[in-house]
$ cat data-v4.txt   # compact mmCIF, C-alpha atoms and all ligand atoms
# COMPACT_ATOMS: atom_id res chain seq x y z
CA MET A 4 -5.81 -28.49 -10.42
CA ALA A 5 -7.70 -28.18 -13.70
CA THR A 6 -7.35 -24.40 -13.64
CA ALA A 7 -3.53 -24.33 -13.16
CA GLY A 8 -1.74 -22.44 -15.91
CA LYS A 9 -5.01 -21.03 -17.28
CA VAL A 10 -6.72 -17.67 -16.95
CA ILE A 11 -9.52 -17.83 -14.35
CA LYS A 12 -12.66 -15.78 -14.84
CA CYS A 13 -14.20 -14.86 -11.50
CA LYS A 14 -15.95 -12.11 -9.57
CA ALA A 15 -14.05 -9.21 -8.04
CA ALA A 16 -15.16 -5.99 -6.37
CA VAL A 17 -13.62 -3.26 -8.51
CA ALA A 18 -13.08 0.31 -7.32
CA TRP A 19 -13.33 2.32 -10.54
CA GLU A 20 -13.03 5.72 -8.87
CA ALA A 21 -12.07 7.16 -5.49
CA GLY A 22 -14.87 6.98 -2.94
CA LYS A 23 -17.44 5.39 -5.31
CA PRO A 24 -19.11 2.13 -4.22
CA LEU A 25 -17.27 -0.97 -5.41
CA SER A 26 -18.86 -2.81 -8.29
CA ILE A 27 -18.85 -6.59 -8.64
CA GLU A 28 -17.39 -7.41 -12.05
CA GLU A 29 -16.17 -10.46 -13.91
CA VAL A 30 -12.39 -10.20 -14.08
CA GLU A 31 -9.74 -12.34 -15.70
CA VAL A 32 -7.01 -13.47 -13.34
CA ALA A 33 -3.81 -14.51 -15.11
CA PRO A 34 -1.82 -17.54 -13.88
CA PRO A 35 0.92 -16.91 -11.31
CA GLN A 36 4.37 -16.18 -12.74
CA ALA A 37 7.76 -17.01 -11.18
CA MET A 38 7.68 -16.82 -7.35
CA GLU A 39 3.95 -16.05 -7.37
CA VAL A 40 0.92 -17.96 -6.13
CA ARG A 41 -2.74 -17.78 -7.12
CA VAL A 42 -5.07 -17.98 -4.15
CA LYS A 43 -8.78 -18.74 -3.90
CA ILE A 44 -10.01 -16.26 -1.31
CA LEU A 45 -12.73 -17.66 0.97
CA PHE A 46 -13.12 -14.86 3.51
CA THR A 47 -11.91 -11.29 3.60
CA SER A 48 -12.61 -8.32 5.85
CA LEU A 49 -12.30 -4.59 5.65
CA CYS A 50 -9.50 -2.68 7.39
CA HIS A 51 -9.32 1.10 7.61
CA THR A 52 -6.23 1.09 5.36
CA ASP A 53 -8.43 -0.11 2.45
CA VAL A 54 -10.82 2.77 3.13
CA TYR A 55 -8.05 5.42 3.18
CA PHE A 56 -6.73 4.36 -0.21
CA TRP A 57 -10.22 3.89 -1.66
CA GLU A 58 -11.18 7.43 -0.51
CA ALA A 59 -7.74 8.55 -1.74
CA LYS A 60 -7.98 11.80 0.19
CA GLY A 61 -4.38 12.63 0.89
CA GLN A 62 -3.20 9.32 -0.59
CA THR A 63 -1.96 8.60 -4.12
CA PRO A 64 -4.97 7.59 -6.24
CA VAL A 65 -4.43 4.38 -8.23
CA PHE A 66 -7.60 3.29 -10.12
CA PRO A 67 -9.24 1.06 -11.22
CA ARG A 68 -8.10 -1.08 -8.36
CA ILE A 69 -9.04 -4.19 -6.39
CA PHE A 70 -8.65 -3.47 -2.68
CA GLY A 71 -8.53 -5.88 0.26
CA HIS A 72 -5.65 -7.23 2.33
CA GLU A 73 -7.17 -8.92 5.40
CA ALA A 74 -8.22 -12.40 4.29
CA GLY A 75 -7.90 -16.16 4.31
CA GLY A 76 -7.74 -18.55 1.37
CA ILE A 77 -6.41 -21.68 -0.27
CA ILE A 78 -3.58 -21.91 -2.80
CA GLU A 79 -5.04 -22.79 -6.23
CA SER A 80 -1.75 -22.95 -8.18
CA VAL A 81 1.85 -21.84 -7.92
CA GLY A 82 4.33 -20.30 -10.36
CA GLU A 83 7.84 -21.39 -11.24
CA GLY A 84 10.30 -21.61 -8.37
CA VAL A 85 7.69 -21.78 -5.59
CA THR A 86 8.58 -24.57 -3.18
CA ASP A 87 7.31 -23.31 0.19
CA VAL A 88 3.61 -23.72 -0.52
CA ALA A 89 1.56 -26.02 -2.74
CA PRO A 90 -2.00 -26.13 -4.09
CA GLY A 91 -4.43 -26.86 -1.26
CA ASP A 92 -2.38 -25.11 1.45
CA HIS A 93 -4.31 -22.72 3.69
CA VAL A 94 -2.80 -19.26 3.71
CA LEU A 95 -3.25 -15.75 5.09
CA PRO A 96 -2.17 -12.95 2.72
CA VAL A 97 -0.08 -10.17 4.24
CA PHE A 98 0.34 -6.61 2.92
CA THR A 99 4.02 -6.60 3.80
CA GLY A 100 6.12 -9.59 2.78
CA GLU A 101 9.11 -11.60 3.90
CA CYS A 102 11.61 -12.72 1.25
CA LYS A 103 13.70 -14.47 3.95
CA GLU A 104 16.94 -13.39 2.24
CA CYS A 105 17.48 -9.63 2.60
CA ALA A 106 19.24 -7.89 5.50
CA HIS A 107 15.88 -7.05 7.11
CA CYS A 108 14.57 -10.59 6.89
CA ARG A 109 17.84 -11.86 8.37
CA SER A 110 17.70 -9.32 11.21
CA ALA A 111 15.79 -10.43 14.29
CA GLU A 112 14.72 -6.81 14.83
CA SER A 113 13.08 -5.90 11.53
CA ASN A 114 10.12 -7.00 9.43
CA MET A 115 10.74 -4.34 6.76
CA CYS A 116 11.70 -6.74 3.94
CA ASP A 117 13.71 -4.93 1.23
CA LEU A 118 11.89 -6.68 -1.59
CA LEU A 119 8.33 -6.93 -0.30
CA ARG A 120 7.77 -4.19 2.27
CA ILE A 121 4.42 -2.41 2.02
CA ASN A 122 4.11 -0.16 -1.03
CA THR A 123 0.70 1.48 -1.30
CA ASP A 124 1.46 3.30 -4.59
CA ARG A 125 2.36 0.18 -6.59
CA GLY A 126 -0.52 -1.44 -8.46
CA VAL A 127 1.42 -4.15 -10.31
CA MET A 128 3.42 -7.30 -9.58
CA ILE A 129 7.09 -6.73 -8.76
CA GLY A 130 8.26 -9.57 -11.06
CA ASP A 131 7.31 -8.00 -14.40
CA GLY A 132 5.63 -4.69 -13.50
CA LYS A 133 2.26 -5.94 -14.83
CA SER A 134 -1.15 -6.53 -13.30
CA ARG A 135 -2.59 -10.07 -13.20
CA PHE A 136 -6.17 -8.70 -13.26
CA SER A 137 -7.94 -7.49 -16.37
CA ILE A 138 -11.36 -6.71 -17.80
CA ASN A 139 -11.64 -6.87 -21.61
CA GLY A 140 -7.85 -6.72 -21.80
CA LYS A 141 -7.58 -3.54 -19.69
CA PRO A 142 -5.55 -3.85 -16.50
CA ILE A 143 -7.15 -3.51 -13.07
CA TYR A 144 -4.53 -2.61 -10.48
CA HIS A 145 -3.46 -4.49 -7.35
CA PHE A 146 -3.39 -3.11 -3.80
CA VAL A 147 -0.50 -3.76 -1.37
CA GLY A 148 0.31 -6.99 -3.21
CA THR A 149 -2.82 -8.75 -1.94
CA SER A 150 -6.10 -7.53 -3.59
CA THR A 151 -8.32 -9.90 -1.65
CA PHE A 152 -11.68 -8.45 -2.78
CA SER A 153 -11.61 -11.02 -5.57
CA GLU A 154 -12.54 -14.71 -5.67
CA TYR A 155 -9.02 -15.38 -6.96
CA THR A 156 -5.93 -13.22 -6.56
CA VAL A 157 -2.24 -13.45 -7.39
CA MET A 158 0.43 -12.67 -4.80
CA HIS A 159 4.18 -12.94 -4.42
CA VAL A 160 4.90 -16.12 -2.44
CA GLY A 161 6.64 -13.94 0.16
CA CYS A 162 3.29 -12.28 0.96
CA VAL A 163 1.45 -15.42 2.06
CA ALA A 164 1.76 -17.16 5.41
CA LYS A 165 1.00 -20.89 5.39
CA ILE A 166 -1.11 -21.74 8.42
CA ASN A 167 -2.57 -24.74 10.22
CA PRO A 168 -5.27 -26.18 7.91
CA GLU A 169 -7.43 -26.91 10.98
CA ALA A 170 -7.74 -23.17 11.72
CA PRO A 171 -11.18 -21.84 10.66
CA LEU A 172 -10.48 -19.31 7.90
CA ASP A 173 -13.69 -17.38 8.61
CA LYS A 174 -12.18 -16.48 12.01
CA VAL A 175 -8.40 -16.35 11.56
CA CYS A 176 -8.67 -14.18 8.43
CA VAL A 177 -8.77 -11.17 10.78
CA LEU A 178 -5.26 -12.09 11.96
CA SER A 179 -3.90 -11.33 8.50
CA CYS A 180 -3.78 -7.59 9.29
CA GLY A 181 -5.56 -5.64 12.01
CA ILE A 182 -5.52 -7.96 14.98
CA SER A 183 -1.89 -9.08 14.57
CA THR A 184 -0.87 -5.45 13.96
CA GLY A 185 -2.43 -4.18 17.20
CA LEU A 186 -1.37 -7.18 19.24
CA GLY A 187 2.22 -6.98 18.00
CA ALA A 188 2.38 -3.19 18.45
CA SER A 189 1.83 -3.77 22.17
CA ILE A 190 3.63 -7.07 22.77
CA ASN A 191 6.59 -6.68 20.38
CA VAL A 192 7.09 -2.91 20.26
CA ALA A 193 5.57 -1.02 23.23
CA LYS A 194 6.39 -3.92 25.59
CA PRO A 195 4.52 -2.56 28.63
CA PRO A 196 6.06 -3.74 31.88
CA LYS A 197 3.83 -5.62 34.37
CA GLY A 198 1.64 -3.24 36.34
CA SER A 199 2.17 -0.36 33.90
CA THR A 200 -0.34 2.15 32.51
CA VAL A 201 -1.00 2.16 28.77
CA ALA A 202 -3.04 4.61 26.66
CA ILE A 203 -4.57 3.30 23.42
CA PHE A 204 -5.61 5.97 20.88
CA GLY A 205 -8.35 4.71 18.54
CA LEU A 206 -10.53 1.78 19.55
CA GLY A 207 -11.17 0.13 16.18
CA ALA A 208 -9.99 -3.45 15.60
CA VAL A 209 -6.33 -2.43 15.62
CA GLY A 210 -6.59 -0.41 18.85
CA LEU A 211 -8.69 -3.05 20.60
CA ALA A 212 -6.10 -5.67 19.66
CA ALA A 213 -3.41 -3.34 21.05
CA ALA A 214 -5.44 -3.13 24.30
CA GLU A 215 -5.66 -6.92 24.36
CA GLY A 216 -1.89 -7.10 23.84
CA ALA A 217 -1.30 -4.65 26.70
CA ARG A 218 -3.54 -6.78 28.94
CA ILE A 219 -1.68 -9.97 27.96
CA ALA A 220 1.64 -8.22 28.68
CA GLY A 221 0.41 -7.44 32.20
CA ALA A 222 -0.49 -3.73 32.08
CA SER A 223 -2.83 -2.90 34.94
CA ARG A 224 -4.39 0.36 33.69
CA ILE A 225 -5.41 0.54 30.05
CA ILE A 226 -6.93 3.88 29.06
CA GLY A 227 -8.85 3.85 25.77
CA VAL A 228 -8.99 7.21 23.95
CA ASP A 229 -11.57 7.64 21.17
CA LEU A 230 -13.81 10.36 19.76
CA ASN A 231 -16.61 7.81 19.27
CA PRO A 232 -18.26 7.07 22.64
CA ASN A 233 -19.94 3.96 21.18
CA ARG A 234 -16.53 2.31 21.27
CA PHE A 235 -16.24 2.41 25.03
CA GLU A 236 -18.66 -0.35 26.00
CA GLU A 237 -17.03 -2.81 23.59
CA ALA A 238 -13.54 -1.84 24.70
CA ARG A 239 -14.07 -3.29 28.17
CA LYS A 240 -14.03 -6.79 26.66
CA PHE A 241 -10.52 -6.05 25.38
CA GLY A 242 -8.97 -5.05 28.66
CA CYS A 243 -9.65 -1.28 28.67
CA THR A 244 -10.10 -0.20 32.27
CA GLU A 245 -10.79 3.52 31.65
CA PHE A 246 -11.97 5.72 28.81
CA LEU A 247 -11.24 9.19 27.67
CA ASN A 248 -13.15 11.07 25.01
CA PRO A 249 -11.11 14.13 23.96
CA LYS A 250 -14.39 15.90 23.12
CA ASP A 251 -15.39 15.86 26.81
CA HIS A 252 -12.42 18.04 27.81
CA LYS A 253 -11.32 21.59 27.15
CA LYS A 254 -7.67 20.80 27.93
CA PRO A 255 -5.45 18.93 25.47
CA VAL A 256 -5.66 15.14 25.90
CA GLN A 257 -1.97 15.01 26.86
CA GLU A 258 -2.70 17.18 29.90
CA VAL A 259 -5.78 15.20 30.89
CA LEU A 260 -3.78 11.97 30.70
CA ALA A 261 -0.89 13.48 32.70
CA GLU A 262 -3.36 14.42 35.45
CA MET A 263 -4.98 10.99 35.42
CA THR A 264 -1.62 9.21 35.73
CA ASN A 265 0.59 11.37 37.87
CA GLY A 266 2.74 12.72 35.04
CA GLY A 267 2.04 10.54 32.01
CA VAL A 268 1.39 7.01 30.85
CA ASP A 269 4.20 4.44 30.68
CA ARG A 270 3.28 3.39 27.14
CA SER A 271 0.93 4.60 24.42
CA VAL A 272 -0.15 3.00 21.16
CA GLU A 273 -1.73 5.18 18.45
CA CYS A 274 -4.20 3.36 16.15
CA THR A 275 -6.15 6.18 14.47
CA GLY A 276 -4.21 7.45 11.41
CA ASN A 277 -4.93 10.99 12.65
CA ILE A 278 -1.84 13.21 12.93
CA SER A 279 -3.11 15.11 16.01
CA ALA A 280 -3.71 11.82 17.80
CA MET A 281 -0.17 10.73 16.87
CA ILE A 282 1.32 13.86 18.47
CA GLN A 283 -0.93 13.47 21.54
CA ALA A 284 0.08 9.83 21.86
CA PHE A 285 3.74 10.85 21.99
CA GLU A 286 3.37 13.85 24.28
CA CYS A 287 1.25 11.91 26.82
CA VAL A 288 3.96 9.42 27.79
CA HIS A 289 5.87 9.92 31.04
CA ASP A 290 9.26 11.61 30.81
CA GLY A 291 12.22 9.47 31.76
CA TRP A 292 10.84 6.17 30.44
CA GLY A 293 7.67 6.61 28.36
CA VAL A 294 7.43 4.91 24.96
CA ALA A 295 4.88 5.80 22.27
CA VAL A 296 4.18 3.55 19.27
CA LEU A 297 2.54 4.82 16.06
CA VAL A 298 0.48 2.35 14.05
CA GLY A 299 -2.10 4.46 12.15
CA VAL A 300 -1.45 5.17 8.47
CA PRO A 301 -1.12 8.97 8.10
CA HIS A 302 -2.23 11.38 5.39
CA LYS A 303 0.44 11.57 2.63
CA ASP A 304 1.39 15.16 3.57
CA ALA A 305 1.11 14.82 7.35
CA GLU A 306 3.95 16.26 9.42
CA PHE A 307 4.71 15.28 12.98
CA LYS A 308 5.51 18.39 15.05
CA THR A 309 6.63 18.33 18.65
CA HIS A 310 9.19 20.23 20.71
CA PRO A 311 12.59 18.45 20.74
CA MET A 312 12.63 18.87 24.52
CA ASN A 313 10.01 16.11 24.64
CA PHE A 314 12.71 13.74 23.38
CA LEU A 315 15.48 15.19 25.54
CA ASN A 316 13.27 14.50 28.52
CA GLU A 317 13.75 10.82 27.69
CA ARG A 318 10.62 9.89 25.87
CA THR A 319 10.83 7.41 23.00
CA LEU A 320 8.81 7.44 19.78
CA LYS A 321 8.52 4.33 17.63
CA GLY A 322 6.41 3.14 14.73
CA THR A 323 5.54 -0.23 13.31
CA PHE A 324 4.00 -2.07 10.41
CA PHE A 325 2.23 -5.34 11.15
CA GLY A 326 3.22 -5.16 14.82
CA ASN A 327 6.81 -6.09 13.93
CA PHE A 328 5.73 -9.65 13.16
CA LYS A 329 7.58 -11.31 10.29
CA PRO A 330 4.62 -12.45 8.22
CA ARG A 331 5.69 -15.91 7.08
CA THR A 332 7.71 -16.80 10.18
CA ASP A 333 5.50 -15.39 12.94
CA LEU A 334 1.91 -15.32 11.66
CA PRO A 335 1.48 -19.14 11.78
CA ASN A 336 2.36 -18.91 15.50
CA VAL A 337 -0.22 -16.15 16.08
CA VAL A 338 -2.78 -18.52 14.51
CA GLU A 339 -1.61 -21.21 16.96
CA LEU A 340 -2.27 -18.82 19.87
CA TYR A 341 -5.88 -18.78 18.66
CA MET A 342 -5.93 -22.59 18.28
CA LYS A 343 -4.66 -22.95 21.89
CA LYS A 344 -7.39 -20.52 22.99
CA GLU A 345 -4.79 -18.07 24.30
CA LEU A 346 -6.09 -15.43 21.88
CA GLU A 347 -9.77 -14.87 21.17
CA VAL A 348 -10.63 -13.56 17.72
CA GLU A 349 -14.42 -14.07 17.73
CA LYS A 350 -14.98 -10.95 19.80
CA PHE A 351 -13.46 -8.81 17.03
CA ILE A 352 -15.99 -10.12 14.48
CA THR A 353 -19.27 -8.24 14.83
CA HIS A 354 -20.74 -8.46 11.31
CA SER A 355 -20.73 -10.72 8.27
CA VAL A 356 -22.00 -10.09 4.73
CA PRO A 357 -22.00 -12.02 1.43
CA PHE A 358 -19.53 -10.76 -1.19
CA ALA A 359 -22.35 -9.17 -3.22
CA GLU A 360 -22.98 -6.82 -0.27
CA ILE A 361 -19.35 -5.76 0.28
CA ASN A 362 -20.31 -2.06 0.24
CA LYS A 363 -22.19 -2.62 3.52
CA ALA A 364 -18.84 -3.29 5.19
CA PHE A 365 -17.69 0.16 4.00
CA ASP A 366 -20.90 1.75 5.38
CA LEU A 367 -20.38 0.11 8.77
CA MET A 368 -16.82 1.40 9.00
CA ALA A 369 -17.88 4.90 7.95
CA LYS A 370 -20.49 4.92 10.72
CA GLY A 371 -18.02 3.53 13.26
CA GLU A 372 -20.34 0.57 13.89
CA GLY A 373 -18.99 -2.78 14.98
CA ILE A 374 -15.39 -3.91 14.78
CA ARG A 375 -14.67 -6.27 11.89
CA CYS A 376 -17.11 -7.31 9.18
CA ILE A 377 -16.34 -10.64 7.48
CA ILE A 378 -17.08 -10.72 3.74
CA ARG A 379 -17.98 -14.25 2.63
CA MET A 380 -16.85 -14.96 -0.94
CA GLU A 381 -19.17 -17.97 -1.21
CA SER A 382 -22.58 -17.10 0.16
P1 LIG B 401 -11.06 1.95 12.63
O1 LIG B 401 -11.65 2.99 11.75
O2 LIG B 401 -11.88 0.72 12.87
O3 LIG B 401 -10.67 2.59 14.04
C1 LIG B 401 -10.07 3.85 14.19
C2 LIG B 401 -10.62 4.49 15.47
O4 LIG B 401 -9.89 5.71 15.73
C3 LIG B 401 -12.11 4.88 15.37
O5 LIG B 401 -12.81 4.30 16.46
C4 LIG B 401 -12.09 6.43 15.44
O6 LIG B 401 -13.21 6.95 16.10
C5 LIG B 401 -10.79 6.69 16.22
N1 LIG B 401 -10.21 8.02 16.01
C6 LIG B 401 -10.06 8.69 14.84
N2 LIG B 401 -9.45 9.88 15.06
C7 LIG B 401 -9.21 9.95 16.39
C8 LIG B 401 -8.60 10.93 17.24
N3 LIG B 401 -8.14 12.08 16.74
N4 LIG B 401 -8.52 10.67 18.56
C9 LIG B 401 -9.00 9.52 19.07
N5 LIG B 401 -9.58 8.54 18.33
C10 LIG B 401 -9.69 8.77 17.01
O7 LIG B 401 -9.63 1.56 11.97
P2 LIG B 401 -8.71 0.24 12.14
O8 LIG B 401 -9.03 -0.71 11.04
O9 LIG B 401 -8.74 -0.21 13.56
O10 LIG B 401 -7.27 0.87 11.79
C11 LIG B 401 -6.69 1.83 12.65
C12 LIG B 401 -5.49 2.50 11.99
O11 LIG B 401 -4.41 1.55 11.84
C13 LIG B 401 -5.76 3.02 10.58
O12 LIG B 401 -5.03 4.23 10.41
C14 LIG B 401 -5.16 1.94 9.70
O13 LIG B 401 -4.82 2.44 8.41
C15 LIG B 401 -3.95 1.59 10.51
N6 LIG B 401 -3.33 0.28 10.24
C16 LIG B 401 -1.96 0.25 10.32
C17 LIG B 401 -1.29 -0.96 10.16
C18 LIG B 401 0.20 -1.03 10.32
O14 LIG B 401 0.76 -2.09 10.05
N7 LIG B 401 0.88 0.02 10.76
C19 LIG B 401 -2.04 -2.11 9.91
C20 LIG B 401 -3.43 -2.04 9.88
C21 LIG B 401 -4.06 -0.84 10.05
ZN ZN B 402 -5.03 -3.58 7.39

$ encode --input "data-v4.txt" --output "structure tokens" --more "lines below"
Ligand code: NAD
Ligand code: ZN
Amino acid sequence: MATAGKVIKCKAAVAWEAGKPLSIEEVEVAPPQAMEVRVKILFTSLCHTDVYFWEAKGQTPVFPRIFGHEAGGIIESVGEGVTDVAPGDHVLPVFTGECKECAHCRSAESNMCDLLRINTDRGVMIGDGKSRFSINGKPIYHFVGTSTFSEYTVMHVGCVAKINPEAPLDKVCVLSCGISTGLGASINVAKPPKGSTVAIFGLGAVGLAAAEGARIAGASRIIGVDLNPNRFEEARKFGCTEFLNPKDHKKPVQEVLAEMTNGGVDRSVECTGNISAMIQAFECVHDGWGVAVLVGVPHKDAEFKTHPMNFLNERTLKGTFFGNFKPRTDLPNVVELYMKKELEVEKFITHSVPFAEINKAFDLMAKGEGIRCIIRMES
């Protein structure tokens, strides 16, 4: 391509300060270096993880920064040593990578790549410790190795999954984080047995995808727990059979759930990021066999407190990033589930805005309205 090897000037939504609306700026995007790719982003969406680090309350502030990690795009050019993907390939960026060589990548059980696992504090490329974005020569920092709120971005090749070019990027972009995370948390980690009862804490995109995963796995009761009652109507479409709003009860949620289920749920999946909900999600599983899975990203100083007897009584607590999917190996297959109509993604997409109106996506999430809002880079 004519732009290969050159700096590209394009629009990006820059977060100059914590919690301040993003501002669309012209940025310079340097060419990809060794083992990096430069990607033209076509569609991106907003996940709560972007919001936590943009608010930077209880998270390390790194500014100015370009957020965004749930997206779909096309490879514009590749750096030295890249052989897996080529210009024109359709890709989904992923916030946690897969080098395919380390002990984690070689283990069938882990997706916590030694080289490219999620690092929310790093704002630079791992190759040379520099940013590829700048304005008037001043660096603008990256976010989780993806920074998709930009028309062009540079990523490590291990953080992009090459997908079927027939897959519509305006739909499958939501598989690049939230939906795969929730789905995998249920199917790969919680693994609810057929006929079991599952509690899902937090009914945003991640939690609704976890409910969908529990339904696909064959759970017969799926209890959605959320403080926002507006979530409940939508949640039915994702397999939730019952709802519980902690605000409607004087007793702790764990006790309410134990009463509803004759001693506790078989599985629970926490998708809120709230530490109290994490503890509730663990303490509400049945003794003897219950398994709880944490997915929400906690406050930097959060501490998980529970009585050790809860473990002795044979409850299991697990956590996961990206639903234990290996991004490059497994994500193309999740896209194929959509192509075979075994997984519906349209129902997760409730809003769409042009890039110039990206702050509307933040407003919608703050109000708890809708599920995912697609941000169209080309309006
Ligand atoms: P979201 O804001 O759309 O949904 C979160 C939901 O949780 C909201 O409906 C909110 O009302 C509810 N909630 C908040 N506190 C609660 C509480 N105490 N009890 C019950 N419900 C409560 O967010 P999302 O985009 O679906 O993301 C959910 C979480 O998953 C976030 O913490 C996000 O950072 C995290 N996440 C983790 C991974 C991972 O790989 N582990 C990947 C993506 C997102
Ligand atoms: Zn995310």

$ closest_residue --input "data-v4.txt" --among "A:Asp131, A:Glu258, A:Glu372, A:Glu169" --to "A:Glu286" --atoms "only C-alpha atoms"
A:Glu258

$ atom_distance --input "data-v4.txt" --atom1 "atom CA of A:Val259" --atom2 "atom O2 of ligand LIG 401 (chain B)"
23.9 Å

$ residues_around --input "data-v4.txt" --residues "A:Glu306" --least-positions-apart "4" --cutoff "9 Å" --atoms "only C-alpha atoms" --output "MDAnalysis selection string"
chainID A and resid 278 301:302

$ residues_near_ligand --input "data-v4.txt" --ligand "ligand LIG 401 (chain B)" --cutoff "6 Å" --atoms "only C-alpha atoms and all ligand atoms" --output "list in words"
Cys50, His51, Thr52, Cys180, Gly181, Thr184, Phe204, Gly205, Leu206, Gly207, Ala208, Val209, Gly210, Val228, Asp229, Leu230, Asn231, Cys274, Thr275, Gly276, Asn277, Ser279, Ala280, Val298, Gly299, Val300, Thr323, Phe324 and Phe325 of chain A

$ residues_near_point --input "data-v4.txt" --point "(10.1, 2.0, 15.3)" --cutoff "10 Å" --atoms "all atoms listed in the file" --output "mmCIF file with C-alpha atoms, keeping the file's coordinate frame"
data_model
loop_
_atom_site.group_PDB
_atom_site.id
_atom_site.type_symbol
_atom_site.label_atom_id
_atom_site.label_comp_id
_atom_site.auth_asym_id
_atom_site.auth_seq_id
_atom_site.Cartn_x
_atom_site.Cartn_y
_atom_site.Cartn_z
ATOM 1 C CA GLU A 112 14.720 -6.810 14.830
ATOM 2 C CA SER A 113 13.080 -5.900 11.530
ATOM 3 C CA ALA A 188 2.380 -3.190 18.450
ATOM 4 C CA VAL A 192 7.090 -2.910 20.260
ATOM 5 C CA ALA A 193 5.570 -1.020 23.230
ATOM 6 C CA ALA A 295 4.880 5.800 22.270
ATOM 7 C CA VAL A 296 4.180 3.550 19.270
ATOM 8 C CA LEU A 297 2.540 4.820 16.060
ATOM 9 C CA VAL A 298 0.480 2.350 14.050
ATOM 10 C CA THR A 319 10.830 7.410 23.000
ATOM 11 C CA LEU A 320 8.810 7.440 19.780
ATOM 12 C CA LYS A 321 8.520 4.330 17.630
ATOM 13 C CA GLY A 322 6.410 3.140 14.730
ATOM 14 C CA THR A 323 5.540 -0.230 13.310
ATOM 15 C CA PHE A 324 4.000 -2.070 10.410
ATOM 16 C CA GLY A 326 3.220 -5.160 14.820
ATOM 17 C CA ASN A 327 6.810 -6.090 13.930
#

$ residues_near_point --input "data-v4.txt" --point "(2.0, -20.9, 4.5)" --cutoff "6 Å" --atoms "all atoms listed in the file" --output "list in words"
Val88, Val94, Ala164, Lys165 and Ile166 of chain A

$ write_last_selection --input "data-v4.txt" --atoms "C-alpha atoms" --output "compact mmCIF listing (two decimals), keeping the file's coordinate frame"
# COMPACT_ATOMS: atom_id res chain seq x y z
CA VAL A 88 3.61 -23.72 -0.52
CA VAL A 94 -2.80 -19.26 3.71
CA ALA A 164 1.76 -17.16 5.41
CA LYS A 165 1.00 -20.89 5.39
CA ILE A 166 -1.11 -21.74 8.42

$ atom_distance --input "data-v4.txt" --atom1 "atom CA of A:Cys102" --atom2 "atom CA of A:Val81"
16.2 Å

$ atom_distance --input "data-v4.txt" --atom1 "atom CA of A:Ile226" --atom2 "atom CA of A:Val97"
29.3 Å

$ closest_residue --input "data-v4.txt" --among "A:Phe136, A:Phe70, A:Phe241, A:Phe146" --to "A:Arg41" --atoms "only C-alpha atoms"
A:Phe136

$ closest_residue --input "data-v4.txt" --among "A:Ala16, A:His107, A:Leu178, A:Thr6" --to "ligand ZN 402 (chain B)" --atoms "all atoms listed in the file"
A:Leu178

$ residues_around --input "data-v4.txt" --residues "A:Glu236" --least-positions-apart "4" --cutoff "12 Å" --atoms "only C-alpha atoms" --output "ChimeraX atom specification"
/A:206,211,227,229,231-232,240-246,373

$ closest_residue --input "data-v4.txt" --among "A:Ala202, A:Leu49, A:Leu346, A:Leu367" --to "ligand ZN 402 (chain B)" --atoms "only C-alpha atoms and all ligand atoms"
A:Leu49

$ closest_residue --input "data-v4.txt" --among "A:Ser150, A:Asn233, A:Ser355, A:Ser179" --to "ligand ZN 402 (chain B)" --atoms "all atoms listed in the file"
A:Ser179

$ closest_residue --input "data-v4.txt" --among "A:Val157, A:Leu118, A:Ala238, A:Ala74" --to "ligand ZN 402 (chain B)" --atoms "all atoms listed in the file"
A:Ala74

$ residues_around --input "data-v4.txt" --residues "A:Val338" --least-positions-apart "4" --cutoff "8 Å" --atoms "all atoms listed in the file" --output "ChimeraX atom specification"
/A:166-167,170,175,178,334,342

$ residues_around --input "data-v4.txt" --residues "A:Ala21" --least-positions-apart "5" --cutoff "10 Å" --atoms "all atoms listed in the file" --output "ChimeraX atom specification"
/A:54-60,64-68

$ residues_around --input "data-v4.txt" --residues "A:Gly291" --least-positions-apart "5" --cutoff "9 Å" --atoms "only C-alpha atoms" --output "ChimeraX atom specification"
/A:316-318
